[in-house]
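**Q** The structure follows.
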Amino acid sequence: MELKEKDLKYIWHPCSQMKDYEELSPIIIDNAKGVYLYDIEGNSYIDIVSSWWCNLLGHGNPRINSAIKRQLDKLEHVIFANFSHEPAIELCEMLMKVIPTGLAKFNFSDNGSASVECALKMSFQYHYQTGQPEKKRFMALSDGYHGETIGALSVGGVDLYSKIYKPLLFDIIRVEAPDCYRCPYNLARESCMAECFVKTEEALDKYGKETSAFIIEPLVQAAAGMRIYSPIYLKKLRKACDEYGINLIADEIATGYGRTGKMFACDHAEISPDIMCISKGVTGGYLPMALTITTQKIYDAFYADYNEGKAFMHSHTYSGNPLAASAAVEVLKILEEENILEQAAENAVYLKEKLDDILGNHDNVGEVRSIGLINAIEIVADRKTKTAFDSKKRVCYEIYKTALKKGLLLRPLGDVLYFNPPLVISKEEIDFAIDRSKTCAGRKDFGRFL
Ligand SMILES: *Cc1c(COP(=O)(O)O)cnc(C)c1O
């Protein structure tokens with residue numbers, strides 16, 4: 001049997017209507033190098049989505065490969081309760097130099113959703129153990145995305161993922177998110193004062209006392225369609241959380257590790273969260289690893305004699321996996337030693353100009369918005385009225401299929417196409433990607449699909 005047939009016989013792919021695979025069968029990747037993926041039929045694809053936003057330094061990065069190989073011959077895994085190892089310790093020591101000030105304690109897990117669950121439980125238990133048991137609810141933005149497990153889905157606000165499970169989810173205080181493309185105040189994200197923060201103020205006024213934490217994707221609501229908003233919003237949120245004694249949880253899973261041009265999105269607003277979740281990018285897209293990082297103050301609320309029952313009884317089998325940690329250490333070394341962020345910043349400007357050039361005036365492009373190397377293209381039926389296409393038409397999915405034929409992996413988010421390439425993409429590779437996308441998204445050809 002052919003590999004593709006065998007795949008369909010056995011595998012239930014993530015985030016997919018499997019019936020779609022009747023028309024577009026799975027692409028079996030054999031090997032990859034840098035920003036290119038190669039399938040078993042000899043086709044190549046530019047991985048412009050960084051394999052779900054986690055590949056930072058290219059596929060088959062020689063330094064990460066050797067780091068993992070070295071670690072593999074020493075220690076593959078060990079229980080992380082009461083046991084430890086050098087890669088995990090070194091990772092924390094190195095992270096201390098780059099994370100927002102005030103964060104100091106590192107809890108390990110193995111995927112983003114798990115790190116969010118960990119953050120929510122940590123905040124809840126912190127308040128419980130510091131004499132504030134009434135603080136047991138969470139506040140979060142509409143259209144936020146925090147993962148797929150029940151707690152993470154509860155705080156998330158993207159209907160596509162959570163609607164069906166509503167009866168299972170816990171009760172969240174939902175605040176209307178900034179919507180800069182269709183700003184209800186008719187302001188621009190570059191010059192506004194985050195006037196929309198008034199929605200959060202209203203919610204805090206009403207529910208602040210019973211709120212344990214506010215969880216937010218700083219600066220970019222990624223899964224919602226790379227919705228970018230002003231750092232002023234975050235500054236205001238930090239201040240308000242302090243006033244109401246609420247933990248600020250920054251979900252930097254998608255925005256961390258240089259994606260927005262700075263190491264963390266919080267850095268743009270010069271704020272420190274009380275709890276920060278990171279995962280995508282931590283191992284450069286090699287191995288599953290996530291961290292929930294918090295302050296000494298929160299940590300101290302759990303520190304007591306065993307019989308007081310204050311410990312954080314949260315664990316995952318693969319917490320702190322040494323192979324993943326060894327990759328994570330190497331990633332931080334490469335970022336620093338090879339000046340990756342400086343290089344990425346330069347190429348980000350280049351990519352943005354190219355996209356503006358081919359799409360800036362397109363009738364069906366509402367907005368090309370960018371931050372760092374994240375570039376989102378909002379596809380609309382009418383540029384003037386900003387009217388969206390009928391979602392049943394699946395316009396972006398059609399473009400995705402065409403782009404694949406041209407060797408470009410452009411997986412869409414609803415009405416939004418995005419370029420979020422590995423940070424090491426070069427100008428030549430950007431040119432090549434733009435060339436390939438021109439043939440499916442150029443002014444003339446674009447119309448064919450719309
Ligand atoms: C991807 C993502 C998650 C979930 O991470 P998984 O590893 O897929 O569970 C959570 N929050 C944000 C912002 C993400 O982008």
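Residues are referred to by chain and number: the chain letter is A, B, ... according to the order shown in the structure tokens, the number counts from 1 in that chain, and ligands are numbered separately from 1 in the order shown.
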As a ChimeraX atom specification, please: all residues of segment 33-267 of chain A that backbone DSSP puts in alpha helix (DSSP H).
**A** /A:50-53,62-72,86-96,112-129,150-155,159-162,198-207,231-244,266-267
**Q** Write out as a PyMOL selection string each polymer residue (protein, DNA or RNA) that has an atom no more than 10 Å from ligand 1, with only C-alpha atoms and all ligand atoms counted.
**A** chain A and resi 52-54+109-117+144-149+152-153+156+216-218+220-224+250-256+277-280+288-290
**Q** For the strand (DSSP E or B) assignment from backbone DSSP, which residues of segment 293-404 of chain A qualify? Please present them as an MDAnalysis selection string.
**A** chainID A and resid 293:295 365:371 374:379 382 387
**Q** Store the residues of this selection in a file with N, CA and C atoms, as a PDB file, in the first residue's frame.
**A**
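That gives us part11.pdb:
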ATOM      1  N   ILE A 293       6.471  30.324  33.992  1.00  0.00           N
ATOM      2  CA  ILE A 293       7.494  31.017  34.776  1.00  0.00           C
ATOM      3  C   ILE A 293       6.804  32.045  35.671  1.00  0.00           C
ATOM      4  N   THR A 294       7.198  32.095  36.929  1.00  0.00           N
ATOM      5  CA  THR A 294       6.518  33.027  37.826  1.00  0.00           C
ATOM      6  C   THR A 294       7.484  33.738  38.764  1.00  0.00           C
ATOM      7  N   THR A 295       6.892  34.523  39.652  1.00  0.00           N
ATOM      8  CA  THR A 295       7.689  35.380  40.543  1.00  0.00           C
ATOM      9  C   THR A 295       8.016  34.664  41.852  1.00  0.00           C
ATOM     10  N   VAL A 365      -7.492  42.663  -0.421  1.00  0.00           N
ATOM     11  CA  VAL A 365      -6.648  42.659   0.780  1.00  0.00           C
ATOM     12  C   VAL A 365      -7.049  43.849   1.643  1.00  0.00           C
ATOM     13  N   GLY A 366      -7.617  43.556   2.798  1.00  0.00           N
ATOM     14  CA  GLY A 366      -8.082  44.624   3.680  1.00  0.00           C
ATOM     15  C   GLY A 366      -6.930  45.299   4.379  1.00  0.00           C
ATOM     16  N   GLU A 367      -5.976  44.473   4.799  1.00  0.00           N
ATOM     17  CA  GLU A 367      -4.864  45.020   5.576  1.00  0.00           C
ATOM     18  C   GLU A 367      -3.697  44.035   5.510  1.00  0.00           C
ATOM     19  N   VAL A 368      -2.488  44.583   5.382  1.00  0.00           N
ATOM     20  CA  VAL A 368      -1.294  43.766   5.608  1.00  0.00           C
ATOM     21  C   VAL A 368      -0.706  44.299   6.905  1.00  0.00           C
ATOM     22  N   ARG A 369      -0.784  43.528   7.970  1.00  0.00           N
ATOM     23  CA  ARG A 369      -0.274  44.026   9.265  1.00  0.00           C
ATOM     24  C   ARG A 369       0.923  43.192   9.692  1.00  0.00           C
ATOM     25  N   SER A 370       1.868  43.882  10.310  1.00  0.00           N
ATOM     26  CA  SER A 370       3.122  43.209  10.629  1.00  0.00           C
ATOM     27  C   SER A 370       3.645  43.619  11.979  1.00  0.00           C
ATOM     28  N   ILE A 371       4.325  42.687  12.598  1.00  0.00           N
ATOM     29  CA  ILE A 371       5.166  43.005  13.743  1.00  0.00           C
ATOM     30  C   ILE A 371       6.281  41.968  13.740  1.00  0.00           C
ATOM     31  N   ILE A 374       6.244  38.482  11.849  1.00  0.00           N
ATOM     32  CA  ILE A 374       4.847  38.063  11.694  1.00  0.00           C
ATOM     33  C   ILE A 374       4.166  39.040  10.737  1.00  0.00           C
ATOM     34  N   ASN A 375       3.633  38.522   9.654  1.00  0.00           N
ATOM     35  CA  ASN A 375       2.909  39.343   8.683  1.00  0.00           C
ATOM     36  C   ASN A 375       1.580  38.678   8.384  1.00  0.00           C
ATOM     37  N   ALA A 376       0.497  39.426   8.571  1.00  0.00           N
ATOM     38  CA  ALA A 376      -0.812  38.852   8.302  1.00  0.00           C
ATOM     39  C   ALA A 376      -1.476  39.609   7.176  1.00  0.00           C
ATOM     40  N   ILE A 377      -2.177  38.871   6.336  1.00  0.00           N
ATOM     41  CA  ILE A 377      -2.867  39.454   5.197  1.00  0.00           C
ATOM     42  C   ILE A 377      -4.347  39.150   5.376  1.00  0.00           C
ATOM     43  N   GLU A 378      -5.122  40.187   5.656  1.00  0.00           N
ATOM     44  CA  GLU A 378      -6.554  39.980   5.886  1.00  0.00           C
ATOM     45  C   GLU A 378      -7.291  40.056   4.552  1.00  0.00           C
ATOM     46  N   ILE A 379      -7.886  38.940   4.177  1.00  0.00           N
ATOM     47  CA  ILE A 379      -8.591  38.857   2.896  1.00  0.00           C
ATOM     48  C   ILE A 379     -10.049  39.280   3.092  1.00  0.00           C
ATOM     49  N   ASP A 382     -14.716  43.057   0.195  1.00  0.00           N
ATOM     50  CA  ASP A 382     -14.777  44.464  -0.198  1.00  0.00           C
ATOM     51  C   ASP A 382     -13.837  45.274   0.684  1.00  0.00           C
ATOM     52  N   THR A 387     -15.909  44.227   4.334  1.00  0.00           N
ATOM     53  CA  THR A 387     -16.808  43.081   4.444  1.00  0.00           C
ATOM     54  C   THR A 387     -16.055  41.786   4.180  1.00  0.00           C
TER      55      THR A 387
END
**Q** Give me the residues within 12 Å of Lys9 of chain A as JSON, numbers by chain, counting only C-alpha atoms and dropping any in the same chain fewer than 6 places off.
**A** {"A": [1, 2, 3, 18, 21, 22, 25, 26]}
**Q** Can I get the selected residues back with N, CA and C atoms, as a CSV table (one decimal), in the first residue's frame?
**A**
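Listing of out_2.csv after writing:
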chain,number,residue,atom,x,y,z
A,1,MET,N,0.8,-1.2,0.0
A,1,MET,CA,0.0,0.0,0.0
A,1,MET,C,0.9,1.2,0.0
A,2,GLU,N,0.5,2.2,-0.7
A,2,GLU,CA,1.2,3.5,-0.7
A,2,GLU,C,1.2,4.2,0.7
A,3,LEU,N,2.2,4.9,0.9
A,3,LEU,CA,2.3,5.6,2.2
A,3,LEU,C,1.1,6.5,2.5
A,18,MET,N,-11.3,15.4,8.2
A,18,MET,CA,-10.6,14.4,7.5
A,18,MET,C,-11.1,14.1,6.1
A,21,TYR,N,-9.3,15.5,3.2
A,21,TYR,CA,-8.2,14.7,2.7
A,21,TYR,C,-8.5,13.9,1.4
A,22,GLU,N,-9.8,13.7,1.2
A,22,GLU,CA,-10.2,13.0,-0.1
A,22,GLU,C,-9.6,13.7,-1.3
A,25,SER,N,-4.7,15.0,-0.3
A,25,SER,CA,-4.2,13.9,0.6
A,25,SER,C,-3.0,14.4,1.3
A,26,PRO,N,-2.6,13.7,2.4
A,26,PRO,CA,-1.5,14.2,3.3
A,26,PRO,C,-0.2,14.3,2.5
**Q** Using only C-alpha atoms, which residue out of A:Glu202, A:Ser319, A:Lys384, A:Ile48 lies closest to Phe432 of chain A?
**A**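 Among A:Glu202, A:Ser319, A:Lys384, A:Ile48, it is A:Ile48 that comes nearest to Phe432 of chain A.
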**Q** With a distance cut-off of 12 Å and only C-alpha atoms, select the neighbouring residues of segment 41-45 of chain A, excluding the residue or stretch itself and same-chain residues fewer than 6 positions from it, and output the selection as a list in words.
**A** Glu2, Leu3, Lys4, Ile27, Ile28, Ile29, Asp30, Asn31, Ala32, Lys33, Gly34, Val35, Ser51, Ala403, Leu404, Lys405, Lys406, Gly407, Leu408, Leu409, Leu410, Glu429, Phe432, Ala433, Arg436 and Ser437 of chain A
**Q** Compare A:Gly309, A:Gly58, A:Gly414, A:Gly102 by their minimum atom-to-atom distance to Lys297 of chain A, counting only C-alpha atoms, and give me the closest one.
**A**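 Result for the nearest residue to Lys297 of chain A: A:Gly102.
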**Q** Need to verify the contact set: Arg394 of chain A, 10 Å, only C-alpha atoms, exclusion of same-chain residues closer than 6 positions in sequence. Can you return it as a list in words?
**A**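 Residues meeting the cut-off are Tyr400, Pro412, Gly414, Asp415 and Leu450 of chain A.
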**Q** Just the selected residues (all heavy atoms), exported as a PDB file, in the first residue's frame, please.
**A**
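Writing the result to result.pdb gives the following:
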ATOM      1  N   TYR A 400      -4.682  28.458  -0.069  1.00  0.00           N
ATOM      2  CA  TYR A 400      -3.724  27.525   0.557  1.00  0.00           C
ATOM      3  C   TYR A 400      -3.423  26.346  -0.376  1.00  0.00           C
ATOM      4  O   TYR A 400      -2.266  25.991  -0.604  1.00  0.00           O
ATOM      5  CB  TYR A 400      -4.332  27.044   1.886  1.00  0.00           C
ATOM      6  CG  TYR A 400      -3.774  25.777   2.480  1.00  0.00           C
ATOM      7  CD1 TYR A 400      -2.457  25.713   2.936  1.00  0.00           C
ATOM      8  CD2 TYR A 400      -4.581  24.638   2.634  1.00  0.00           C
ATOM      9  CE1 TYR A 400      -1.964  24.549   3.521  1.00  0.00           C
ATOM     10  CE2 TYR A 400      -4.091  23.483   3.214  1.00  0.00           C
ATOM     11  CZ  TYR A 400      -2.790  23.437   3.655  1.00  0.00           C
ATOM     12  OH  TYR A 400      -2.308  22.300   4.224  1.00  0.00           O
ATOM     13  N   PRO A 412      -3.858  28.906   6.313  1.00  0.00           N
ATOM     14  CA  PRO A 412      -4.579  30.111   6.717  1.00  0.00           C
ATOM     15  C   PRO A 412      -5.222  30.029   8.100  1.00  0.00           C
ATOM     16  O   PRO A 412      -5.362  28.948   8.657  1.00  0.00           O
ATOM     17  CB  PRO A 412      -5.675  30.216   5.650  1.00  0.00           C
ATOM     18  CG  PRO A 412      -5.951  28.795   5.258  1.00  0.00           C
ATOM     19  CD  PRO A 412      -4.676  28.031   5.443  1.00  0.00           C
ATOM     20  N   GLY A 414      -8.755  31.292   9.212  1.00  0.00           N
ATOM     21  CA  GLY A 414      -9.992  31.942   8.770  1.00  0.00           C
ATOM     22  C   GLY A 414      -9.754  32.785   7.533  1.00  0.00           C
ATOM     23  O   GLY A 414      -9.296  32.279   6.506  1.00  0.00           O
ATOM     24  N   ASP A 415      -9.989  34.094   7.641  1.00  0.00           N
ATOM     25  CA  ASP A 415      -9.831  35.009   6.508  1.00  0.00           C
ATOM     26  C   ASP A 415      -8.426  35.575   6.404  1.00  0.00           C
ATOM     27  O   ASP A 415      -8.193  36.537   5.678  1.00  0.00           O
ATOM     28  CB  ASP A 415     -10.786  36.206   6.661  1.00  0.00           C
ATOM     29  CG  ASP A 415     -12.232  35.791   6.498  1.00  0.00           C
ATOM     30  OD1 ASP A 415     -12.477  34.798   5.792  1.00  0.00           O
ATOM     31  OD2 ASP A 415     -13.111  36.459   7.074  1.00  0.00           O
ATOM     32  N   LEU A 450     -11.288  34.129  -6.152  1.00  0.00           N
ATOM     33  CA  LEU A 450     -12.199  34.860  -5.288  1.00  0.00           C
ATOM     34  C   LEU A 450     -13.572  35.041  -5.925  1.00  0.00           C
ATOM     35  O   LEU A 450     -13.735  35.027  -7.093  1.00  0.00           O
ATOM     36  CB  LEU A 450     -11.593  36.223  -4.943  1.00  0.00           C
ATOM     37  CG  LEU A 450     -10.203  36.137  -4.327  1.00  0.00           C
ATOM     38  CD1 LEU A 450      -9.676  37.526  -4.050  1.00  0.00           C
ATOM     39  CD2 LEU A 450     -10.211  35.360  -3.037  1.00  0.00           C
TER      40      LEU A 450
END
**Q** Hey, can you check how far atom CA of Leu160 of chain A sits from atom CA of Asn364 of chain A?
**A**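 We find that atom CA of Leu160 of chain A and atom CA of Asn364 of chain A lie 23.4 Å from each other.
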**Q** I want to know what sits within 12 Å of Glu190 of chain A, based on only C-alpha atoms, with residues of the same chain fewer than 5 positions away left out; could you give that as a list in words?
**A**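 Selected residues are Cys180, Tyr181, Ile228, Tyr229, Ser230, Pro231, Ile232, Tyr233, Arg369, Ser370 and Ile371 of chain A.
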**Q** Can you tell me which residues surround segment 91-101 of chain A at a distance of at most 7 Å, considering only C-alpha atoms, apart from same-chain residues fewer than 4 positions away, and format the answer as a CSV table (one decimal) with C-alpha atoms, in the first residue's frame?
**A**
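Printed below is selection.csv as written:
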chain,number,residue,atom,x,y,z
A,87,PRO,CA,20.4,21.0,30.8
A,106,PHE,CA,10.4,27.9,36.3
A,272,SER,CA,6.5,42.1,33.5
A,325,ALA,CA,16.2,21.0,27.5
A,328,ALA,CA,16.4,24.7,24.4
A,329,VAL,CA,19.9,25.6,25.8
**Q** Using Å and a single decimal, report how far atom CA of Ala104 of chain A sits from atom CA of Ala311 of chain A.
**A**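 Separating atom CA of Ala311 of chain A from atom CA of Ala104 of chain A is a distance of 17.5 Å.
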**Q** May I have a table of the residues of segment 222-302 of chain A lying at most 9 Å from segment 123-140 of chain A, giving each one's closest pair of atoms and their distance in Å to one decimal, counting only C-alpha atoms, ordered by chain and ascending residue number, as JSON lines?
**A**
{"residue": "A:Ile246", "atom": "CA", "partner": "A:Lys135", "partner_atom": "CA", "distance": 8.4}
{"residue": "A:Asn247", "atom": "CA", "partner": "A:Ser123", "partner_atom": "CA", "distance": 6.7}
{"residue": "A:Ile249", "atom": "CA", "partner": "A:Ser123", "partner_atom": "CA", "distance": 8.7}
{"residue": "A:Ile275", "atom": "CA", "partner": "A:Ser123", "partner_atom": "CA", "distance": 8.3}
{"residue": "A:Ile298", "atom": "CA", "partner": "A:Tyr126", "partner_atom": "CA", "distance": 6.3}
{"residue": "A:Tyr299", "atom": "CA", "partner": "A:Tyr126", "partner_atom": "CA", "distance": 8.3}
{"residue": "A:Ala301", "atom": "CA", "partner": "A:Tyr126", "partner_atom": "CA", "distance": 6.0}
{"residue": "A:Phe302", "atom": "CA", "partner": "A:Tyr126", "partner_atom": "CA", "distance": 7.2}
